[in-house]
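K.L.:
Have a peek at start.txt (compact mmCIF, N, CA and C atoms).
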# COMPACT_ATOMS: atom_id res chain seq x y z
N MET O 1 -25.25 -54.26 78.32
CA MET O 1 -26.66 -54.48 78.07
C MET O 1 -26.83 -55.69 77.16
N LYS O 2 -27.68 -56.60 77.52
CA LYS O 2 -27.93 -57.80 76.74
C LYS O 2 -28.84 -57.46 75.56
N LYS O 3 -28.47 -57.93 74.39
CA LYS O 3 -29.31 -57.75 73.22
C LYS O 3 -29.84 -59.11 72.81
N ALA O 4 -31.11 -59.19 72.63
CA ALA O 4 -31.72 -60.46 72.22
C ALA O 4 -32.60 -60.21 71.02
N TYR O 5 -32.62 -61.15 70.13
CA TYR O 5 -33.45 -61.09 68.95
C TYR O 5 -34.38 -62.29 69.01
N PHE O 6 -35.64 -62.04 68.80
CA PHE O 6 -36.59 -63.13 68.95
C PHE O 6 -37.68 -63.00 67.91
N VAL O 7 -37.89 -64.03 67.16
CA VAL O 7 -39.04 -64.11 66.28
C VAL O 7 -39.50 -65.55 66.31
N PHE O 8 -40.75 -65.74 66.53
CA PHE O 8 -41.30 -67.09 66.49
C PHE O 8 -42.62 -67.02 65.79
N LEU O 9 -42.79 -67.85 64.83
CA LEU O 9 -44.04 -67.88 64.09
C LEU O 9 -44.74 -69.19 64.39
N ALA O 10 -45.85 -69.09 65.03
CA ALA O 10 -46.62 -70.29 65.34
C ALA O 10 -47.71 -70.44 64.30
N LEU O 11 -47.81 -71.60 63.75
CA LEU O 11 -48.79 -71.86 62.71
C LEU O 11 -49.76 -72.93 63.17
N THR O 12 -50.98 -72.81 62.74
CA THR O 12 -51.93 -73.87 62.98
C THR O 12 -51.68 -74.92 61.92
N VAL O 13 -51.41 -76.12 62.36
CA VAL O 13 -51.06 -77.19 61.45
C VAL O 13 -52.21 -78.19 61.42
N ALA O 14 -52.73 -78.44 60.24
CA ALA O 14 -53.76 -79.46 60.10
C ALA O 14 -53.08 -80.82 60.13
N THR O 15 -53.56 -81.68 61.00
CA THR O 15 -52.98 -83.00 61.11
C THR O 15 -53.50 -83.87 59.98
N VAL O 16 -52.58 -84.50 59.27
CA VAL O 16 -52.93 -85.37 58.17
C VAL O 16 -52.55 -86.79 58.58
N ALA O 17 -53.41 -87.72 58.29
CA ALA O 17 -53.12 -89.11 58.65
C ALA O 17 -52.01 -89.64 57.76
N PHE O 18 -50.94 -90.13 58.37
CA PHE O 18 -49.82 -90.73 57.66
C PHE O 18 -49.92 -92.24 57.82
N ALA O 19 -49.37 -92.96 56.87
CA ALA O 19 -49.31 -94.41 57.00
C ALA O 19 -48.48 -94.74 58.24
N ALA O 20 -47.45 -93.98 58.45
CA ALA O 20 -46.60 -94.16 59.63
C ALA O 20 -46.20 -92.78 60.13
N LYS O 21 -46.05 -92.67 61.43
CA LYS O 21 -45.62 -91.40 62.01
C LYS O 21 -44.22 -91.09 61.50
N PRO O 22 -43.96 -89.83 61.13
CA PRO O 22 -42.61 -89.49 60.67
C PRO O 22 -41.58 -89.78 61.76
N LYS O 23 -40.38 -90.08 61.33
CA LYS O 23 -39.30 -90.39 62.28
C LYS O 23 -38.35 -89.21 62.39
N VAL O 24 -37.78 -89.06 63.56
CA VAL O 24 -36.78 -88.02 63.78
C VAL O 24 -35.56 -88.33 62.91
N PRO O 25 -35.09 -87.34 62.14
CA PRO O 25 -33.90 -87.57 61.32
C PRO O 25 -32.67 -87.88 62.18
N SER O 26 -31.64 -88.40 61.55
CA SER O 26 -30.38 -88.68 62.25
C SER O 26 -29.76 -87.38 62.73
N GLU O 27 -28.82 -87.49 63.65
CA GLU O 27 -28.15 -86.29 64.17
C GLU O 27 -27.43 -85.55 63.04
N THR O 28 -26.84 -86.27 62.13
CA THR O 28 -26.17 -85.64 60.98
C THR O 28 -27.17 -84.84 60.16
N GLU O 29 -28.35 -85.42 59.91
CA GLU O 29 -29.38 -84.71 59.15
C GLU O 29 -29.90 -83.50 59.92
N LEU O 30 -30.07 -83.64 61.23
CA LEU O 30 -30.53 -82.52 62.05
C LEU O 30 -29.55 -81.36 62.00
N LYS O 31 -28.26 -81.68 62.09
CA LYS O 31 -27.24 -80.63 62.02
C LYS O 31 -27.28 -79.93 60.67
N SER O 32 -27.42 -80.69 59.61
CA SER O 32 -27.48 -80.13 58.26
C SER O 32 -28.72 -79.26 58.08
N MET O 33 -29.87 -79.74 58.52
CA MET O 33 -31.11 -78.97 58.42
C MET O 33 -31.00 -77.65 59.18
N THR O 34 -30.47 -77.73 60.38
CA THR O 34 -30.33 -76.55 61.23
C THR O 34 -29.42 -75.52 60.57
N LEU O 35 -28.27 -75.96 60.13
CA LEU O 35 -27.32 -75.04 59.50
C LEU O 35 -27.91 -74.44 58.22
N ASP O 36 -28.50 -75.27 57.38
CA ASP O 36 -29.08 -74.77 56.13
C ASP O 36 -30.16 -73.73 56.39
N THR O 37 -31.04 -74.03 57.34
CA THR O 37 -32.13 -73.10 57.66
C THR O 37 -31.59 -71.77 58.17
N LEU O 38 -30.66 -71.83 59.11
CA LEU O 38 -30.16 -70.59 59.70
C LEU O 38 -29.32 -69.77 58.73
N LEU O 39 -28.57 -70.45 57.86
CA LEU O 39 -27.79 -69.70 56.87
C LEU O 39 -28.69 -69.08 55.80
N THR O 40 -29.76 -69.78 55.43
CA THR O 40 -30.72 -69.21 54.48
C THR O 40 -31.41 -68.00 55.10
N PHE O 41 -31.77 -68.13 56.37
CA PHE O 41 -32.33 -66.99 57.09
C PHE O 41 -31.34 -65.83 57.11
N ASN O 42 -30.08 -66.13 57.43
CA ASN O 42 -29.05 -65.09 57.51
C ASN O 42 -28.85 -64.39 56.16
N LYS O 43 -28.92 -65.14 55.07
CA LYS O 43 -28.81 -64.52 53.73
C LYS O 43 -29.92 -63.50 53.53
N GLY O 44 -31.12 -63.83 53.99
CA GLY O 44 -32.22 -62.88 53.89
C GLY O 44 -31.97 -61.62 54.69
N VAL O 45 -31.43 -61.79 55.88
CA VAL O 45 -31.11 -60.63 56.71
C VAL O 45 -30.05 -59.77 56.03
N GLN O 46 -28.98 -60.39 55.55
CA GLN O 46 -27.88 -59.64 54.95
C GLN O 46 -28.32 -58.92 53.66
N ALA O 47 -29.16 -59.59 52.87
CA ALA O 47 -29.62 -59.02 51.60
C ALA O 47 -30.82 -58.10 51.78
N LYS O 48 -31.40 -58.12 52.98
CA LYS O 48 -32.64 -57.38 53.24
C LYS O 48 -33.73 -57.81 52.27
N ASP O 49 -33.74 -59.11 51.99
CA ASP O 49 -34.67 -59.71 51.02
C ASP O 49 -34.90 -61.16 51.43
N PHE O 50 -36.14 -61.49 51.75
CA PHE O 50 -36.45 -62.82 52.25
C PHE O 50 -37.08 -63.73 51.19
N SER O 51 -36.92 -63.40 49.91
CA SER O 51 -37.51 -64.24 48.87
C SER O 51 -36.86 -65.62 48.83
N GLY O 52 -35.57 -65.73 49.07
CA GLY O 52 -34.90 -67.03 49.10
C GLY O 52 -35.34 -67.85 50.30
N PHE O 53 -35.47 -67.21 51.44
CA PHE O 53 -35.95 -67.88 52.65
C PHE O 53 -37.39 -68.35 52.45
N TYR O 54 -38.20 -67.51 51.83
CA TYR O 54 -39.60 -67.83 51.57
C TYR O 54 -39.72 -69.11 50.74
N LYS O 55 -38.87 -69.29 49.77
CA LYS O 55 -38.92 -70.47 48.91
C LYS O 55 -38.62 -71.76 49.67
N GLU O 56 -37.95 -71.66 50.81
CA GLU O 56 -37.54 -72.83 51.58
C GLU O 56 -38.52 -73.22 52.69
N ILE O 57 -39.48 -72.37 52.99
CA ILE O 57 -40.41 -72.68 54.07
C ILE O 57 -41.56 -73.54 53.55
N ALA O 58 -42.31 -74.11 54.48
CA ALA O 58 -43.43 -74.98 54.14
C ALA O 58 -44.49 -74.22 53.33
N LYS O 59 -45.15 -74.94 52.45
CA LYS O 59 -46.24 -74.34 51.65
C LYS O 59 -47.31 -73.76 52.56
N LEU O 60 -47.59 -74.44 53.66
CA LEU O 60 -48.56 -73.96 54.63
C LEU O 60 -48.21 -72.56 55.11
N TRP O 61 -46.94 -72.35 55.41
CA TRP O 61 -46.48 -71.02 55.85
C TRP O 61 -46.50 -70.04 54.69
N GLN O 62 -46.10 -70.49 53.50
CA GLN O 62 -46.11 -69.63 52.32
C GLN O 62 -47.51 -69.08 52.04
N GLU O 63 -48.52 -69.91 52.27
CA GLU O 63 -49.90 -69.48 52.04
C GLU O 63 -50.33 -68.39 53.01
N GLN O 64 -49.63 -68.26 54.12
CA GLN O 64 -50.01 -67.30 55.16
C GLN O 64 -49.13 -66.05 55.16
N THR O 65 -48.14 -65.99 54.26
CA THR O 65 -47.21 -64.86 54.30
C THR O 65 -46.71 -64.55 52.90
N SER O 66 -45.73 -63.68 52.82
CA SER O 66 -45.05 -63.32 51.57
C SER O 66 -43.62 -62.95 51.93
N PRO O 67 -42.72 -62.87 50.94
CA PRO O 67 -41.36 -62.43 51.26
C PRO O 67 -41.33 -61.06 51.94
N GLU O 68 -42.22 -60.18 51.52
CA GLU O 68 -42.27 -58.84 52.10
C GLU O 68 -42.73 -58.88 53.56
N LYS O 69 -43.71 -59.73 53.84
CA LYS O 69 -44.19 -59.86 55.22
C LYS O 69 -43.10 -60.47 56.10
N LEU O 70 -42.37 -61.43 55.57
CA LEU O 70 -41.26 -62.02 56.33
C LEU O 70 -40.23 -60.95 56.65
N GLN O 71 -39.91 -60.13 55.66
CA GLN O 71 -38.94 -59.07 55.91
C GLN O 71 -39.44 -58.14 57.01
N GLY O 72 -40.71 -57.83 57.00
CA GLY O 72 -41.27 -56.99 58.05
C GLY O 72 -41.16 -57.65 59.43
N LEU O 73 -41.43 -58.95 59.48
CA LEU O 73 -41.33 -59.68 60.75
C LEU O 73 -39.90 -59.70 61.28
N PHE O 74 -38.94 -59.78 60.38
CA PHE O 74 -37.54 -59.91 60.77
C PHE O 74 -36.77 -58.60 60.65
N GLN O 75 -37.47 -57.49 60.48
CA GLN O 75 -36.82 -56.20 60.27
C GLN O 75 -35.86 -55.85 61.41
N ASP O 76 -36.19 -56.24 62.62
CA ASP O 76 -35.31 -55.93 63.76
C ASP O 76 -33.94 -56.57 63.58
N PHE O 77 -33.90 -57.77 62.99
CA PHE O 77 -32.63 -58.43 62.72
C PHE O 77 -31.81 -57.59 61.74
N ILE O 78 -32.49 -57.08 60.73
CA ILE O 78 -31.82 -56.23 59.72
C ILE O 78 -31.34 -54.94 60.37
N ASP O 79 -32.22 -54.29 61.12
CA ASP O 79 -31.87 -53.01 61.76
C ASP O 79 -30.70 -53.14 62.72
N LYS O 80 -30.60 -54.27 63.41
CA LYS O 80 -29.51 -54.48 64.37
C LYS O 80 -28.24 -55.00 63.71
N GLY O 81 -28.29 -55.28 62.42
CA GLY O 81 -27.11 -55.77 61.72
C GLY O 81 -26.69 -57.16 62.14
N LEU O 82 -27.65 -58.00 62.52
CA LEU O 82 -27.35 -59.35 62.96
C LEU O 82 -26.73 -60.16 61.82
N ASP O 83 -25.60 -60.78 62.09
CA ASP O 83 -24.94 -61.67 61.13
C ASP O 83 -24.50 -62.91 61.88
N ILE O 84 -25.16 -64.01 61.59
CA ILE O 84 -24.84 -65.26 62.29
C ILE O 84 -23.98 -66.19 61.44
N SER O 85 -23.37 -65.67 60.39
CA SER O 85 -22.57 -66.52 59.50
C SER O 85 -21.42 -67.26 60.19
N PRO O 86 -20.89 -66.81 61.33
CA PRO O 86 -19.84 -67.60 61.99
C PRO O 86 -20.28 -69.02 62.40
N ILE O 87 -21.58 -69.30 62.38
CA ILE O 87 -22.03 -70.66 62.73
C ILE O 87 -21.54 -71.69 61.72
N LYS O 88 -21.15 -71.24 60.52
CA LYS O 88 -20.67 -72.18 59.48
C LYS O 88 -19.52 -73.04 59.97
N LYS O 89 -18.72 -72.50 60.86
CA LYS O 89 -17.51 -73.19 61.32
C LYS O 89 -17.71 -73.95 62.61
N LEU O 90 -18.95 -73.98 63.11
CA LEU O 90 -19.22 -74.58 64.42
C LEU O 90 -20.25 -75.70 64.31
N GLU O 91 -20.24 -76.56 65.30
CA GLU O 91 -21.24 -77.62 65.42
C GLU O 91 -22.36 -77.12 66.34
N PRO O 92 -23.61 -77.38 65.98
CA PRO O 92 -24.68 -77.00 66.90
C PRO O 92 -24.68 -77.91 68.12
N VAL O 93 -25.14 -77.37 69.22
CA VAL O 93 -25.31 -78.15 70.45
C VAL O 93 -26.82 -78.25 70.66
N PHE O 94 -27.33 -79.48 70.70
CA PHE O 94 -28.76 -79.67 70.90
C PHE O 94 -29.03 -79.77 72.41
N ASN O 95 -29.94 -78.92 72.90
CA ASN O 95 -30.26 -78.89 74.33
C ASN O 95 -30.94 -80.16 74.81
N LYS O 96 -31.70 -80.75 73.92
CA LYS O 96 -32.38 -82.00 74.22
C LYS O 96 -32.61 -82.71 72.90
N PRO O 97 -32.92 -83.97 72.93
CA PRO O 97 -33.13 -84.68 71.67
C PRO O 97 -34.29 -84.06 70.87
N ALA O 98 -34.12 -84.01 69.57
CA ALA O 98 -35.19 -83.54 68.70
C ALA O 98 -36.37 -84.49 68.87
N GLU O 99 -37.57 -83.94 68.72
CA GLU O 99 -38.75 -84.78 68.88
C GLU O 99 -39.82 -84.40 67.87
N ILE O 100 -40.72 -85.32 67.66
CA ILE O 100 -41.88 -85.07 66.81
C ILE O 100 -43.07 -84.97 67.76
N ASN O 101 -43.72 -83.81 67.76
CA ASN O 101 -44.81 -83.59 68.70
C ASN O 101 -46.11 -84.24 68.22
N SER O 102 -47.17 -84.01 68.95
CA SER O 102 -48.46 -84.65 68.64
C SER O 102 -49.06 -84.18 67.32
N ASP O 103 -48.58 -83.05 66.79
CA ASP O 103 -49.03 -82.55 65.49
C ASP O 103 -48.12 -83.00 64.35
N ASP O 104 -47.22 -83.95 64.65
CA ASP O 104 -46.24 -84.45 63.68
C ASP O 104 -45.27 -83.36 63.22
N VAL O 105 -45.01 -82.41 64.11
CA VAL O 105 -44.05 -81.33 63.84
C VAL O 105 -42.74 -81.69 64.53
N LEU O 106 -41.67 -81.65 63.76
CA LEU O 106 -40.33 -81.90 64.29
C LEU O 106 -39.83 -80.64 64.98
N VAL O 107 -39.40 -80.77 66.22
CA VAL O 107 -38.93 -79.63 67.01
C VAL O 107 -37.46 -79.84 67.35
N ILE O 108 -36.63 -78.85 67.01
CA ILE O 108 -35.19 -78.90 67.27
C ILE O 108 -34.81 -77.69 68.11
N ASN O 109 -34.20 -77.92 69.27
CA ASN O 109 -33.76 -76.86 70.18
C ASN O 109 -32.26 -76.95 70.39
N GLY O 110 -31.60 -75.81 70.38
CA GLY O 110 -30.17 -75.83 70.67
C GLY O 110 -29.53 -74.47 70.49
N TYR O 111 -28.21 -74.51 70.31
CA TYR O 111 -27.47 -73.26 70.14
C TYR O 111 -26.15 -73.55 69.41
N TYR O 112 -25.58 -72.50 68.88
CA TYR O 112 -24.22 -72.53 68.35
C TYR O 112 -23.37 -71.75 69.34
N PRO O 113 -22.22 -72.30 69.72
CA PRO O 113 -21.38 -71.65 70.73
C PRO O 113 -20.51 -70.53 70.14
N THR O 114 -21.16 -69.58 69.50
CA THR O 114 -20.45 -68.43 68.95
C THR O 114 -20.06 -67.50 70.10
N THR O 115 -19.04 -66.68 69.85
CA THR O 115 -18.63 -65.71 70.86
C THR O 115 -18.65 -64.32 70.23
N PRO O 116 -18.93 -63.30 70.96
CA PRO O 116 -19.17 -63.29 72.40
C PRO O 116 -20.60 -63.72 72.78
N LYS O 117 -21.47 -63.91 71.77
CA LYS O 117 -22.85 -64.29 72.07
C LYS O 117 -23.21 -65.58 71.36
N ARG O 118 -23.92 -66.44 72.07
CA ARG O 118 -24.38 -67.68 71.46
C ARG O 118 -25.59 -67.42 70.56
N VAL O 119 -25.73 -68.22 69.53
CA VAL O 119 -26.90 -68.18 68.67
C VAL O 119 -27.81 -69.32 69.12
N VAL O 120 -28.90 -68.97 69.77
CA VAL O 120 -29.84 -69.95 70.33
C VAL O 120 -31.02 -70.07 69.36
N PHE O 121 -31.44 -71.30 69.10
CA PHE O 121 -32.51 -71.51 68.12
C PHE O 121 -33.53 -72.54 68.59
N ARG O 122 -34.71 -72.41 68.05
CA ARG O 122 -35.77 -73.41 68.13
C ARG O 122 -36.39 -73.43 66.75
N LEU O 123 -36.31 -74.56 66.10
CA LEU O 123 -36.82 -74.70 64.74
C LEU O 123 -37.92 -75.75 64.74
N GLN O 124 -38.94 -75.50 63.92
CA GLN O 124 -40.03 -76.45 63.78
C GLN O 124 -40.25 -76.74 62.30
N TYR O 125 -40.38 -78.03 62.01
CA TYR O 125 -40.55 -78.48 60.62
C TYR O 125 -41.73 -79.45 60.53
N MET O 126 -42.35 -79.48 59.37
CA MET O 126 -43.34 -80.50 59.08
C MET O 126 -42.99 -81.14 57.74
N GLN O 127 -43.46 -82.33 57.53
CA GLN O 127 -43.14 -83.02 56.28
C GLN O 127 -44.11 -82.60 55.18
N GLU O 128 -43.52 -82.28 54.04
CA GLU O 128 -44.27 -81.99 52.81
C GLU O 128 -43.61 -82.79 51.70
N GLU O 129 -44.38 -83.62 51.08
CA GLU O 129 -43.88 -84.42 49.96
C GLU O 129 -42.58 -85.13 50.33
N GLY O 130 -42.54 -85.67 51.55
CA GLY O 130 -41.40 -86.45 52.00
C GLY O 130 -40.19 -85.65 52.47
N GLU O 131 -40.30 -84.32 52.50
CA GLU O 131 -39.19 -83.47 52.96
C GLU O 131 -39.63 -82.65 54.16
N TRP O 132 -38.68 -82.40 55.07
CA TRP O 132 -38.96 -81.53 56.20
C TRP O 132 -38.89 -80.08 55.75
N LYS O 133 -39.97 -79.33 56.01
CA LYS O 133 -40.05 -77.92 55.64
C LYS O 133 -40.34 -77.08 56.88
N LEU O 134 -39.72 -75.93 56.96
CA LEU O 134 -39.81 -75.05 58.13
C LEU O 134 -41.20 -74.46 58.30
N VAL O 135 -41.72 -74.52 59.54
CA VAL O 135 -42.99 -73.88 59.88
C VAL O 135 -42.86 -72.94 61.08
N GLY O 136 -41.70 -72.91 61.73
CA GLY O 136 -41.53 -72.02 62.88
C GLY O 136 -40.07 -71.81 63.18
N ILE O 137 -39.74 -70.61 63.59
CA ILE O 137 -38.35 -70.29 63.94
C ILE O 137 -38.33 -69.33 65.13
N LYS O 138 -37.46 -69.62 66.06
CA LYS O 138 -37.17 -68.74 67.18
C LYS O 138 -35.66 -68.61 67.21
N LEU O 139 -35.17 -67.39 67.22
CA LEU O 139 -33.74 -67.14 67.18
C LEU O 139 -33.40 -66.06 68.19
N ASP O 140 -32.31 -66.28 68.93
CA ASP O 140 -31.91 -65.36 69.98
C ASP O 140 -30.39 -65.36 70.05
N THR O 141 -29.80 -64.22 70.31
CA THR O 141 -28.37 -64.17 70.58
C THR O 141 -28.21 -63.75 72.03
N THR O 142 -27.43 -64.53 72.78
CA THR O 142 -27.27 -64.26 74.20
C THR O 142 -25.80 -64.24 74.58
N ASP O 143 -25.51 -63.56 75.69
CA ASP O 143 -24.13 -63.51 76.21
C ASP O 143 -23.73 -64.84 76.76
Written as structure tokens, how would this file's structure read?

P.N.:
Amino acid sequence: MKKAYFVFLALTVATVAFAAKPKVPSETELKSMTLDTLLTFNKGVQAKDFSGFYKEIAKLWQEQTSPEKLQGLFQDFIDKGLDISPIKKLEPVFNKPAEINSDDVLVINGYYPTTPKRVVFRLQYMQEEGEWKLVGIKLDTTD
């Protein structure tokens, strides 16, 4: 039986006029962002406490949630004992080039080739004070 875990938080993003459209980070930066985000998420799952994850998300998302609400959203991950820490030793595979959409949101799609199940992700970030901050996450483990 296939087990899949899925959480995606879609946020309404107010478009702010930038002097210049943000640029897609380098592949090295994308890999680092992806790993950092997923490991921070995993720490929340393992600790059953999303306060650390909450501190890393965009202020826009923070205004719409709390660490307790995040834990409720991701409770299925906790209940299933999901641990994606093996991704630390692997390189992510990006399904397509990262892009910045019309809302100036950076979208990263890919997976980690973990076995027996891959860790598939879709991450969305927006710039806050010159840094990319998470505004959406979709995570799935597949055979």

K.L.:
With a distance cut-off of 8 Å and only N, CA and C atoms, select the neighbouring residues of segment 95-110 of chain O, excluding the residue or stretch itself and same-chain residues fewer than 3 positions from it, and output the selection as a list in words.

P.N.:
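Near neighbours after the sequence-gap exclusion: Val13, Ala14, Thr15, Val16, Lys21, Pro22, Lys23, Val24, Pro25, Leu30, Pro92, Pro113, Val119, Val120, Phe121, Arg122, Leu123, Gln124, Tyr125, Met126 and Gln127 of chain O.
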
K.L.:
Write out as a ChimeraX atom specification the set of residues from segment 38-130 of chain O that DSSP, computed on the backbone, places in strand (DSSP E or B).

P.N.:
/O:57,93-94,99-100,106-112,118-128

K.L.:
What lies within 6 Å of segment 52-64 of chain O using all atoms listed in the file, ignoring chain neighbours under 3 positions off, as a compact mmCIF listing (two decimals) with N, CA and C atoms, in the frame of the given file?

P.N.:
# COMPACT_ATOMS: atom_id res chain seq x y z
N THR O 40 -29.76 -69.78 55.43
CA THR O 40 -30.72 -69.21 54.48
C THR O 40 -31.41 -68.00 55.10
N PHE O 41 -31.77 -68.13 56.37
CA PHE O 41 -32.33 -66.99 57.09
C PHE O 41 -31.34 -65.83 57.11
N GLY O 44 -31.12 -63.83 53.99
CA GLY O 44 -32.22 -62.88 53.89
C GLY O 44 -31.97 -61.62 54.69
N ASP O 49 -33.74 -59.11 51.99
CA ASP O 49 -34.67 -59.71 51.02
C ASP O 49 -34.90 -61.16 51.43
N PRO O 67 -42.72 -62.87 50.94
CA PRO O 67 -41.36 -62.43 51.26
C PRO O 67 -41.33 -61.06 51.94
N LYS O 133 -39.97 -79.33 56.01
CA LYS O 133 -40.05 -77.92 55.64
C LYS O 133 -40.34 -77.08 56.88
N LEU O 134 -39.72 -75.93 56.96
CA LEU O 134 -39.81 -75.05 58.13
C LEU O 134 -41.20 -74.46 58.30
N VAL O 135 -41.72 -74.52 59.54
CA VAL O 135 -42.99 -73.88 59.88
C VAL O 135 -42.86 -72.94 61.08

K.L.:
Which is closest to Glu27 of chain O among O:Glu91, O:Glu129, O:Thr142, O:Tyr112, if we use only C-alpha atoms?

P.N.:
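Closest residue, counting only C-alpha atoms: O:Glu91.
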
K.L.:
Could you jot down the atom C of Gly72 of chain O to atom C of Ile84 of chain O separation for me, Å, one decimal place?

P.N.:
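Atom-to-atom, atom C of Gly72 of chain O and atom C of Ile84 of chain O are spaced 19.3 Å apart.
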
K.L.:
Work out how far apart atom C of Asn42 of chain O and atom CA of Trp132 of chain O are and give it in Å to one decimal.

P.N.:
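Calculated distance between atom C of Asn42 of chain O and atom CA of Trp132 of chain O is 19.9 Å.
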
K.L.:
Expressed in Å to a single decimal, how great is the separation between atom N of Thr115 of chain O and atom N of Pro86 of chain O?

P.N.:
8.7 Å
